[in-house]
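**Q** Supplied in structure tokens, the structure appears directly below.
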Amino acid sequence: MRPWRRPWYYAEVDEPYSWIIGILAVLVAMAGVQAFRLSTYTSVYSYVVGGVVIGMVVHELMHRNVARRYGMRSSYVINWLGVIVTLVTAILPIKLIAPGYTRVYSRGFEEDRRGILYSVAAGPMSNIVMALVALIAGALVRTLVSSVFAASFTSTWLIGFSNINSYLAFFNLLPIPPLDGYKIFRLSLELWIIMFIVSIAFFAATLMLL
């Protein structure tokens with residue numbers, strides 16, 4: 001009997017190629033063929049692509065770097081099934097952005113519970129921080145900039161960017177496995193409640209301002 005082999009679509013690709021493939025998959029999922037046109041990145045609605053790509057990259061980098069800070073080996077990997085699912089959503093109204101994940105290994109000793117919690121929470125927390133900074137900046141631009149066109153374009157982009165990142169935080173904080181929210185919920189209920197409420201509040205605020 002031949003030994004069982006995992007199908008090719010379960011194969012994983014590690015850094016640095018995982019970043020290139022993951023970002024390209026997200027760009028195509030969000031913009032389709034428009035991902036390869038310059039106008040996609042210069043229009044006022046480029047905040048959708050920018051928010052998702054920047055939000056995803058920073059989210060995964062924070063997972064990885066905080067895990068390393070606590071002595072764990074960590075890297076961003078993609079698997080081809082996740083890439084395929086992400087690309088298929090290019091033709092759907094609802095996007096499922098999941099080309100890969102941050103893989104974490106301990107170095108042969110018992111993992112620090114606090115380190116695990118902080119590394120998991122770092123991802124959605126980075127989206128919350130970006131959402132807050134962009135929301136404040138967008139509101140200030142709308143209030144202080146005298147040029148109507150410049151104020152409208154810049155504030156819409158910033159508030160839209162905040163909207164995307166607050167949604168990413170909210171989605172990732174849902175207490176459903178294998179999302180970050182499920183792990184945070186089990187490790188620290190208090191932290192999960194605070195982060196979840198804040199993500200909903202920011203998302204609601206940006207919807208009212210867009």
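To be explicit about the labels: the chains of the structure tokens are called A, B, and onward in the order shown, and within each one the residues are counted from 1, while ligands get numbers from 1 in the order they are shown.
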Would you kindly return, as a PDB file with C-alpha atoms, in the first residue's frame, each protein, DNA or RNA residue with an atom no farther than 6 Å from any atom of Arg73 (chain A), considering only C-alpha atoms and excluding same-chain residues fewer than 2 positions away?

**A**
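Generated file (selection.pdb):
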```pdb
ATOM      1  CA  ARG A  68       9.717  36.117  18.562  1.00  0.00           C
ATOM      2  CA  VAL A 104       4.518  29.756  15.835  1.00  0.00           C
ATOM      3  CA  TYR A 105       6.769  27.153  17.450  1.00  0.00           C
TER       4      TYR A 105
END
```

**Q** Determine which residues of region 37-141 of chain A receive a DSSP assignment of strand (DSSP E or B), computed from the backbone, and state them as JSON, numbers by chain.

**A** {"A": [73, 74, 75, 76, 77, 78, 79, 100, 101, 102, 103, 104, 105]}

**Q** Restricting it to N, CA, C and O atoms, dump the selection as a PDB file, in the first residue's frame.

**A**
```
ATOM      1  N   ARG A  73       9.814  30.655  17.847  1.00  0.00           N
ATOM      2  CA  ARG A  73      10.090  30.766  16.416  1.00  0.00           C
ATOM      3  C   ARG A  73       8.778  31.047  15.702  1.00  0.00           C
ATOM      4  O   ARG A  73       7.764  30.408  15.977  1.00  0.00           O
ATOM      5  N   SER A  74       8.804  31.967  14.779  1.00  0.00           N
ATOM      6  CA  SER A  74       7.561  32.366  14.126  1.00  0.00           C
ATOM      7  C   SER A  74       7.834  32.858  12.712  1.00  0.00           C
ATOM      8  O   SER A  74       8.856  33.520  12.468  1.00  0.00           O
ATOM      9  N   SER A  75       6.948  32.545  11.792  1.00  0.00           N
ATOM     10  CA  SER A  75       7.071  33.041  10.420  1.00  0.00           C
ATOM     11  C   SER A  75       5.698  33.029   9.762  1.00  0.00           C
ATOM     12  O   SER A  75       4.794  32.291  10.180  1.00  0.00           O
ATOM     13  N   TYR A  76       5.562  33.856   8.728  1.00  0.00           N
ATOM     14  CA  TYR A  76       4.300  33.913   7.991  1.00  0.00           C
ATOM     15  C   TYR A  76       4.363  32.903   6.850  1.00  0.00           C
ATOM     16  O   TYR A  76       5.307  32.903   6.050  1.00  0.00           O
ATOM     17  N   VAL A  77       3.385  32.021   6.779  1.00  0.00           N
ATOM     18  CA  VAL A  77       3.336  31.004   5.722  1.00  0.00           C
ATOM     19  C   VAL A  77       1.992  31.084   5.008  1.00  0.00           C
ATOM     20  O   VAL A  77       0.983  31.495   5.585  1.00  0.00           O
ATOM     21  N   ILE A  78       2.011  30.711   3.735  1.00  0.00           N
ATOM     22  CA  ILE A  78       0.745  30.589   3.000  1.00  0.00           C
ATOM     23  C   ILE A  78       0.564  29.123   2.625  1.00  0.00           C
ATOM     24  O   ILE A  78       1.529  28.363   2.524  1.00  0.00           O
ATOM     25  N   ASN A  79      -0.681  28.707   2.475  1.00  0.00           N
ATOM     26  CA  ASN A  79      -0.938  27.395   1.884  1.00  0.00           C
ATOM     27  C   ASN A  79      -1.802  27.605   0.658  1.00  0.00           C
ATOM     28  O   ASN A  79      -2.589  28.557   0.583  1.00  0.00           O
ATOM     29  N   GLY A 100      -2.953  32.854   4.198  1.00  0.00           N
ATOM     30  CA  GLY A 100      -1.977  32.202   5.060  1.00  0.00           C
ATOM     31  C   GLY A 100      -2.185  32.559   6.523  1.00  0.00           C
ATOM     32  O   GLY A 100      -3.214  33.118   6.900  1.00  0.00           O
ATOM     33  N   TYR A 101      -1.184  32.249   7.330  1.00  0.00           N
ATOM     34  CA  TYR A 101      -1.282  32.498   8.764  1.00  0.00           C
ATOM     35  C   TYR A 101       0.134  32.591   9.335  1.00  0.00           C
ATOM     36  O   TYR A 101       1.119  32.245   8.669  1.00  0.00           O
ATOM     37  N   THR A 102       0.242  33.046  10.564  1.00  0.00           N
ATOM     38  CA  THR A 102       1.532  33.113  11.244  1.00  0.00           C
ATOM     39  C   THR A 102       1.738  31.833  12.044  1.00  0.00           C
ATOM     40  O   THR A 102       0.980  31.539  12.965  1.00  0.00           O
ATOM     41  N   ARG A 103       2.751  31.089  11.662  1.00  0.00           N
ATOM     42  CA  ARG A 103       3.056  29.818  12.319  1.00  0.00           C
ATOM     43  C   ARG A 103       4.021  30.070  13.473  1.00  0.00           C
ATOM     44  O   ARG A 103       5.037  30.750  13.307  1.00  0.00           O
ATOM     45  N   VAL A 104       3.715  29.515  14.634  1.00  0.00           N
ATOM     46  CA  VAL A 104       4.518  29.756  15.835  1.00  0.00           C
ATOM     47  C   VAL A 104       4.945  28.420  16.429  1.00  0.00           C
ATOM     48  O   VAL A 104       4.137  27.504  16.564  1.00  0.00           O
ATOM     49  N   TYR A 105       6.226  28.328  16.769  1.00  0.00           N
ATOM     50  CA  TYR A 105       6.769  27.153  17.450  1.00  0.00           C
ATOM     51  C   TYR A 105       7.475  27.587  18.722  1.00  0.00           C
ATOM     52  O   TYR A 105       8.152  28.615  18.740  1.00  0.00           O
TER      53      TYR A 105
END
```

**Q** Sort by chain and increasing residue number a table of all residues of region 44-90 of chain A within 9 Å of region 7-28 of chain A, each with its closest pair of atoms and their distance in Å to one decimal, counting only C-alpha atoms, and write it as JSON lines.

**A**
```
{"residue": "A:Val49", "atom": "CA", "partner": "A:Leu27", "partner_atom": "CA", "distance": 6.6}
{"residue": "A:Gly50", "atom": "CA", "partner": "A:Leu27", "partner_atom": "CA", "distance": 8.9}
{"residue": "A:Val52", "atom": "CA", "partner": "A:Val26", "partner_atom": "CA", "distance": 7.7}
{"residue": "A:Val53", "atom": "CA", "partner": "A:Ile23", "partner_atom": "CA", "distance": 6.5}
{"residue": "A:Met56", "atom": "CA", "partner": "A:Ile23", "partner_atom": "CA", "distance": 8.5}
{"residue": "A:Val57", "atom": "CA", "partner": "A:Ile23", "partner_atom": "CA", "distance": 7.9}
{"residue": "A:Ser75", "atom": "CA", "partner": "A:Glu15", "partner_atom": "CA", "distance": 6.7}
{"residue": "A:Tyr76", "atom": "CA", "partner": "A:Glu15", "partner_atom": "CA", "distance": 6.2}
{"residue": "A:Val77", "atom": "CA", "partner": "A:Asp14", "partner_atom": "CA", "distance": 4.6}
{"residue": "A:Ile78", "atom": "CA", "partner": "A:Val13", "partner_atom": "CA", "distance": 5.3}
{"residue": "A:Asn79", "atom": "CA", "partner": "A:Glu12", "partner_atom": "CA", "distance": 4.3}
{"residue": "A:Trp80", "atom": "CA", "partner": "A:Tyr9", "partner_atom": "CA", "distance": 4.8}
{"residue": "A:Leu81", "atom": "CA", "partner": "A:Tyr9", "partner_atom": "CA", "distance": 5.0}
{"residue": "A:Gly82", "atom": "CA", "partner": "A:Tyr9", "partner_atom": "CA", "distance": 8.5}
{"residue": "A:Val83", "atom": "CA", "partner": "A:Ala25", "partner_atom": "CA", "distance": 6.2}
{"residue": "A:Ile84", "atom": "CA", "partner": "A:Ala25", "partner_atom": "CA", "distance": 8.3}
{"residue": "A:Thr86", "atom": "CA", "partner": "A:Ala25", "partner_atom": "CA", "distance": 6.5}
{"residue": "A:Leu87", "atom": "CA", "partner": "A:Ala25", "partner_atom": "CA", "distance": 5.9}
{"residue": "A:Ala90", "atom": "CA", "partner": "A:Val28", "partner_atom": "CA", "distance": 6.4}
```

**Q** Using N, CA, C and O atoms, can you export the residues from the last selection as a short mmCIF file (atom, residue, chain, number, x, y, z; two decimals), in the first residue's frame?

**A**
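Generated file (out_8.cif):
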```cif
data_model
loop_
_atom_site.label_atom_id
_atom_site.label_comp_id
_atom_site.auth_asym_id
_atom_site.auth_seq_id
_atom_site.Cartn_x
_atom_site.Cartn_y
_atom_site.Cartn_z
N VAL A 49 -8.39 48.66 -0.99
CA VAL A 49 -7.22 47.81 -1.26
C VAL A 49 -6.11 48.12 -0.25
O VAL A 49 -5.52 47.22 0.34
N GLY A 50 -5.84 49.42 -0.06
CA GLY A 50 -4.78 49.81 0.86
C GLY A 50 -5.04 49.35 2.27
O GLY A 50 -4.14 48.86 2.97
N VAL A 52 -6.90 46.80 3.33
CA VAL A 52 -6.82 45.35 3.49
C VAL A 52 -5.37 44.87 3.43
O VAL A 52 -4.93 44.08 4.27
N VAL A 53 -4.63 45.36 2.43
CA VAL A 53 -3.24 44.89 2.27
C VAL A 53 -2.38 45.34 3.45
O VAL A 53 -1.69 44.53 4.08
N MET A 56 -3.54 43.58 6.65
CA MET A 56 -3.14 42.18 6.72
C MET A 56 -1.65 42.05 7.03
O MET A 56 -1.25 41.25 7.90
N VAL A 57 -0.82 42.82 6.33
CA VAL A 57 0.63 42.70 6.51
C VAL A 57 1.03 43.09 7.93
O VAL A 57 1.79 42.37 8.60
N SER A 75 6.95 32.55 11.79
CA SER A 75 7.07 33.04 10.42
C SER A 75 5.70 33.03 9.76
O SER A 75 4.79 32.29 10.18
N TYR A 76 5.56 33.86 8.73
CA TYR A 76 4.30 33.91 7.99
C TYR A 76 4.36 32.90 6.85
O TYR A 76 5.31 32.90 6.05
N VAL A 77 3.39 32.02 6.78
CA VAL A 77 3.34 31.00 5.72
C VAL A 77 1.99 31.08 5.01
O VAL A 77 0.98 31.49 5.59
N ILE A 78 2.01 30.71 3.74
CA ILE A 78 0.75 30.59 3.00
C ILE A 78 0.56 29.12 2.62
O ILE A 78 1.53 28.36 2.52
N ASN A 79 -0.68 28.71 2.48
CA ASN A 79 -0.94 27.40 1.88
C ASN A 79 -1.80 27.60 0.66
O ASN A 79 -2.59 28.56 0.58
N TRP A 80 -1.64 26.74 -0.31
CA TRP A 80 -2.27 26.96 -1.61
C TRP A 80 -3.79 26.91 -1.54
O TRP A 80 -4.46 27.58 -2.33
N LEU A 81 -4.34 26.14 -0.63
CA LEU A 81 -5.80 26.12 -0.48
C LEU A 81 -6.30 27.49 -0.05
O LEU A 81 -7.30 28.00 -0.58
N GLY A 82 -5.61 28.11 0.92
CA GLY A 82 -6.00 29.45 1.35
C GLY A 82 -5.87 30.46 0.24
O GLY A 82 -6.71 31.37 0.10
N VAL A 83 -4.83 30.34 -0.57
CA VAL A 83 -4.63 31.25 -1.70
C VAL A 83 -5.76 31.09 -2.71
O VAL A 83 -6.32 32.07 -3.21
N ILE A 84 -6.14 29.84 -3.00
CA ILE A 84 -7.21 29.58 -3.97
C ILE A 84 -8.54 30.15 -3.48
O ILE A 84 -9.27 30.80 -4.22
N THR A 86 -8.99 32.57 -1.36
CA THR A 86 -8.89 34.03 -1.41
C THR A 86 -9.11 34.54 -2.83
O THR A 86 -9.84 35.51 -3.05
N LEU A 87 -8.49 33.89 -3.83
CA LEU A 87 -8.62 34.33 -5.22
C LEU A 87 -10.05 34.15 -5.74
O LEU A 87 -10.55 34.99 -6.49
N ALA A 90 -12.60 36.89 -5.48
CA ALA A 90 -12.49 38.06 -6.35
C ALA A 90 -13.79 38.29 -7.11
O ALA A 90 -14.12 39.43 -7.45
#
```

**Q** So, with only C-alpha atoms as the atoms that count, which of A:Leu92, A:Leu187, A:Ile128, A:Met195 lies closest to Asn163 (chain A)?

**A** A:Ile128

**Q** Taking only C-alpha atoms into account, which of A:Ala134, A:Leu173, A:Thr89, A:Phe202 comes nearest Trp157 (chain A)?

**A**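 Among A:Ala134, A:Leu173, A:Thr89, A:Phe202, it is A:Ala134 that comes nearest to Trp157 (chain A).
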
**Q** As a ChimeraX atom specification, please: the residues near region 164-168 of chain A (cut-off 7 Å, only C-alpha atoms, same-chain neighbours under 2 positions excluded).

**A** /A:48,51-52,55,127-128,130-131,160-162,170-172,199,202-203
